[in-house]
Amino acid sequence: MDASIKGVTLVGILDRKHGSIPVTINGRREKRCSIVPSITCEEHFLIADHACKEFFEGEGTVLSVALDPRGKNPTKAITTRTGESYVKLLEEALGKIDGTSISKADYDLVIPLLDAAAASVTRGEVRKAIEMVQKAGKTTVERLQRMTEERLNEINAQGEGQVDEARQLLEKDPTKAREILRRVASQYPPLACAKKAEELLKAPAEKGR
(Lines give C-alpha, C1' and ligand atoms only; values in the text may rest on other atoms or scores of the structure.)
Protein backbone atom coordinates (compact mmCIF):
# COMPACT_ATOMS: atom_id res chain seq x y z
CA MET A 1 0.00 0.00 0.00
CA ASP A 2 1.23 3.50 -0.77
CA ALA A 3 1.48 6.07 2.01
CA SER A 4 0.79 9.61 0.86
CA ILE A 5 1.88 12.97 2.27
CA LYS A 6 -1.06 14.50 0.42
CA GLY A 7 -3.35 13.61 3.28
CA VAL A 8 -3.46 12.54 6.89
CA THR A 9 -5.30 9.51 8.23
CA LEU A 10 -6.59 9.74 11.80
CA VAL A 11 -7.48 6.63 13.77
CA GLY A 12 -9.45 7.17 16.97
CA ILE A 13 -10.45 4.28 19.24
CA LEU A 14 -13.02 4.83 21.96
CA ASP A 15 -12.86 1.35 23.51
CA ARG A 16 -10.70 1.42 26.65
CA LYS A 17 -10.63 -2.30 27.44
CA HIS A 18 -8.28 -3.66 24.76
CA GLY A 19 -5.00 -2.64 26.45
CA SER A 20 -1.44 -2.23 25.18
CA ILE A 21 1.17 -4.67 23.91
CA PRO A 22 5.00 -4.45 23.90
CA VAL A 23 6.49 -3.76 20.47
CA THR A 24 9.99 -2.99 19.21
CA ILE A 25 10.39 0.50 17.69
CA ASN A 26 13.82 1.37 16.26
CA GLY A 27 15.40 -1.20 18.55
CA ARG A 28 13.55 -0.07 21.68
CA ARG A 29 10.70 -1.83 23.47
CA GLU A 30 7.63 0.38 23.80
CA LYS A 31 3.99 -0.08 24.76
CA ARG A 32 1.61 0.37 21.83
CA CYS A 33 -2.09 -0.16 21.17
CA SER A 34 -3.03 -3.83 20.76
CA ILE A 35 -5.44 -2.92 17.94
CA VAL A 36 -3.27 -0.41 16.02
CA PRO A 37 0.34 -1.02 17.15
CA SER A 38 1.66 1.95 15.18
CA ILE A 39 0.22 4.33 17.81
CA THR A 40 -0.23 4.40 21.58
CA CYS A 41 -3.59 4.10 23.32
CA GLU A 42 -3.16 7.63 24.69
CA GLU A 43 -2.80 8.93 21.14
CA HIS A 44 -5.94 7.28 19.76
CA PHE A 45 -7.97 8.31 22.83
CA LEU A 46 -6.95 11.92 22.20
CA ILE A 47 -7.81 11.66 18.50
CA ALA A 48 -11.19 10.13 19.27
CA ASP A 49 -12.00 12.78 21.88
CA HIS A 50 -10.82 15.88 20.05
CA ALA A 51 -10.53 15.19 16.32
CA CYS A 52 -12.52 12.34 14.86
CA LYS A 53 -15.88 12.89 16.54
CA GLU A 54 -16.78 15.86 14.37
CA PHE A 55 -16.62 13.58 11.32
CA PHE A 56 -18.90 10.87 12.73
CA GLU A 57 -22.58 10.74 13.63
CA GLY A 58 -22.18 7.76 15.94
CA GLU A 59 -19.47 6.36 18.15
CA GLY A 60 -17.96 3.24 16.59
CA THR A 61 -15.17 1.34 18.28
CA VAL A 62 -12.57 2.39 15.72
CA LEU A 63 -12.92 5.67 13.86
CA SER A 64 -10.93 6.35 10.67
CA VAL A 65 -10.98 9.46 8.52
CA ALA A 66 -8.67 10.74 5.77
CA LEU A 67 -8.03 14.47 5.49
CA ASP A 68 -6.43 16.51 2.72
CA PRO A 69 -3.78 19.18 3.56
CA ARG A 70 -6.57 21.76 4.09
CA GLY A 71 -8.30 19.62 6.67
CA LYS A 72 -11.16 18.72 4.35
CA ASN A 73 -12.69 15.24 4.45
CA PRO A 74 -12.93 13.85 0.87
CA THR A 75 -14.44 10.50 1.88
CA LYS A 76 -17.11 9.12 4.14
CA ALA A 77 -15.94 8.14 7.60
CA ILE A 78 -15.49 4.44 8.33
CA THR A 79 -16.35 3.05 11.75
CA THR A 80 -14.93 -0.44 11.44
CA ARG A 81 -11.54 -1.93 12.13
CA THR A 82 -11.40 -4.33 9.13
CA GLY A 83 -8.36 -4.04 6.91
CA GLU A 84 -10.46 -4.06 3.74
CA SER A 85 -12.49 -1.03 4.78
CA TYR A 86 -9.35 0.85 5.83
CA VAL A 87 -7.72 0.22 2.44
CA LYS A 88 -10.94 1.34 0.74
CA LEU A 89 -10.91 4.57 2.76
CA LEU A 90 -7.35 5.39 1.68
CA GLU A 91 -7.96 4.50 -1.96
CA GLU A 92 -11.04 6.72 -2.16
CA ALA A 93 -9.25 9.59 -0.43
CA LEU A 94 -6.14 9.39 -2.61
CA GLY A 95 -8.31 9.26 -5.73
CA LYS A 96 -9.87 12.60 -4.81
CA ILE A 97 -6.67 14.47 -3.87
CA ASP A 98 -4.55 15.97 -6.64
CA GLY A 99 -0.80 15.52 -6.80
CA THR A 100 1.72 12.71 -6.58
CA SER A 101 2.02 10.16 -3.81
CA ILE A 102 5.08 8.73 -2.07
CA SER A 103 5.47 5.02 -1.44
CA LYS A 104 5.91 3.90 2.15
CA ALA A 105 9.25 2.33 1.21
CA ASP A 106 10.61 5.67 -0.07
CA TYR A 107 9.10 7.54 2.88
CA ASP A 108 10.71 5.18 5.39
CA LEU A 109 14.14 5.60 3.80
CA VAL A 110 14.08 9.38 4.25
CA ILE A 111 11.84 10.63 7.05
CA PRO A 112 13.43 8.62 9.91
CA LEU A 113 16.83 10.01 8.87
CA LEU A 114 15.47 13.58 8.89
CA ASP A 115 13.93 13.02 12.32
CA ALA A 116 17.19 11.59 13.63
CA ALA A 117 19.10 14.52 12.13
CA ALA A 118 16.84 17.01 13.92
CA ALA A 119 17.51 15.20 17.20
CA SER A 120 21.27 15.31 16.53
CA VAL A 121 21.15 19.07 15.94
CA THR A 122 19.36 19.49 19.28
CA ARG A 123 22.17 17.54 20.96
CA GLY A 124 24.79 19.69 19.23
CA GLU A 125 25.92 16.89 16.90
CA VAL A 126 25.64 19.06 13.80
CA ARG A 127 28.17 17.26 11.62
CA LYS A 128 26.43 13.93 12.26
CA ALA A 129 23.09 15.57 11.40
CA ILE A 130 24.41 16.89 8.10
CA GLU A 131 25.70 13.44 7.15
CA MET A 132 22.28 11.91 7.81
CA VAL A 133 20.46 14.56 5.78
CA GLN A 134 22.90 14.08 2.90
CA LYS A 135 22.26 10.33 3.03
CA ALA A 136 18.52 10.99 2.94
CA GLY A 137 19.07 13.34 -0.02
CA LYS A 138 20.12 10.42 -2.22
CA THR A 139 16.45 9.58 -2.70
CA THR A 140 15.14 9.81 -6.26
CA VAL A 141 11.73 11.10 -5.10
CA GLU A 142 11.57 14.81 -5.94
CA ARG A 143 9.33 15.80 -3.03
CA LEU A 144 11.58 14.04 -0.53
CA GLN A 145 14.65 15.58 -2.15
CA ARG A 146 13.15 19.03 -1.58
CA MET A 147 12.56 18.15 2.06
CA THR A 148 16.22 17.21 2.53
CA GLU A 149 17.33 20.41 0.79
CA GLU A 150 15.10 22.44 3.09
CA ARG A 151 16.59 20.71 6.13
CA LEU A 152 20.14 21.44 4.94
CA ASN A 153 19.16 25.07 4.38
CA GLU A 154 17.83 25.24 7.94
CA ILE A 155 21.07 23.83 9.36
CA ASN A 156 23.12 26.18 7.20
CA ALA A 157 21.06 29.14 8.43
CA GLN A 158 21.99 28.21 11.99
CA GLY A 159 25.63 28.21 11.03
CA GLU A 160 25.28 31.51 9.16
CA GLY A 161 23.84 33.05 12.32
CA GLN A 162 26.92 31.99 14.27
CA VAL A 163 29.23 33.35 11.56
CA ASP A 164 27.43 36.71 11.71
CA GLU A 165 27.80 36.72 15.49
CA ALA A 166 31.53 36.03 15.17
CA ARG A 167 31.95 38.74 12.53
CA GLN A 168 30.50 41.31 14.93
CA LEU A 169 32.86 40.14 17.69
CA LEU A 170 36.07 40.19 15.63
CA GLU A 171 37.20 43.63 16.84
CA LYS A 172 35.69 43.61 20.34
CA ASP A 173 36.52 40.02 21.30
CA PRO A 174 38.64 38.32 18.62
CA THR A 175 39.33 35.29 20.82
CA LYS A 176 35.63 34.55 21.24
CA ALA A 177 35.00 35.27 17.57
CA ARG A 178 37.67 32.84 16.42
CA GLU A 179 36.33 30.19 18.80
CA ILE A 180 32.90 30.47 17.18
CA LEU A 181 34.37 30.41 13.68
CA ARG A 182 36.45 27.32 14.41
CA ARG A 183 33.37 25.55 15.73
CA VAL A 184 31.37 26.37 12.61
CA ALA A 185 34.25 25.41 10.32
CA SER A 186 34.59 22.02 12.02
CA GLN A 187 30.92 21.13 12.50
CA TYR A 188 29.18 22.45 9.38
CA PRO A 189 31.16 21.17 6.34
CA PRO A 190 30.41 21.09 3.48
CA LEU A 191 27.76 23.80 3.94
CA ALA A 192 28.35 27.39 2.82
CA CYS A 193 28.51 28.69 6.39
CA ALA A 194 31.57 26.49 7.09
CA LYS A 195 33.38 27.94 4.08
CA LYS A 196 32.60 31.49 5.25
CA ALA A 197 33.95 30.64 8.70
CA GLU A 198 37.17 29.31 7.19
CA GLU A 199 37.59 32.46 5.10
CA LEU A 200 37.18 34.69 8.15
CA LEU A 201 39.68 32.60 10.10
CA LYS A 202 42.27 33.05 7.33
CA ALA A 203 41.66 36.76 6.83
CA PRO A 204 43.56 38.12 9.90
CA ALA A 205 46.61 35.99 9.17
CA GLU A 206 46.70 37.14 5.56
CA LYS A 207 46.51 40.80 6.61
CA GLY A 208 49.52 40.39 8.89
CA ARG A 209 51.76 39.12 6.11
# chains A, B, ... in the order shown; residues from 1 in each chain; ligands from 1
$ residues_around --residues "region 134-146 of chain A" --least-positions-apart "5" --cutoff "9 Å" --atoms "only C-alpha atoms" --output "ChimeraX atom specification"
/A:100,102,106-107,109-114,129,151-152
$ select_by_dssp --residues "region 77-187 of chain A" --states "helix (DSSP H, G or I)" --output "PyMOL selection string"
chain A and resi 83-95+104-122+126-136+142-169+174-187
$ atom_distance --atom1 "CA of Gln168 (chain A)" --atom2 "CA of Ala203 (chain A)"
14.5 Å
$ atom_distance --atom1 "CA of Arg28 (chain A)" --atom2 "CA of Thr148 (chain A)"
25.9 Å
$ residues_around --residues "Ile35 (chain A)" --least-positions-apart "2" --cutoff "8 Å" --atoms "only C-alpha atoms" --output "number ranges by chain"
A: 18, 33, 37
$ closest_residue --among "A:Arg167, A:Lys88, A:Arg127, A:Lys31" --to "Tyr188 (chain A)" --atoms "only C-alpha atoms"
A:Arg127
$ closest_residue --among "A:Leu200, A:Gly124, A:Leu169, A:Asn153" --to "Leu181 (chain A)" --atoms "only C-alpha atoms"
A:Leu200
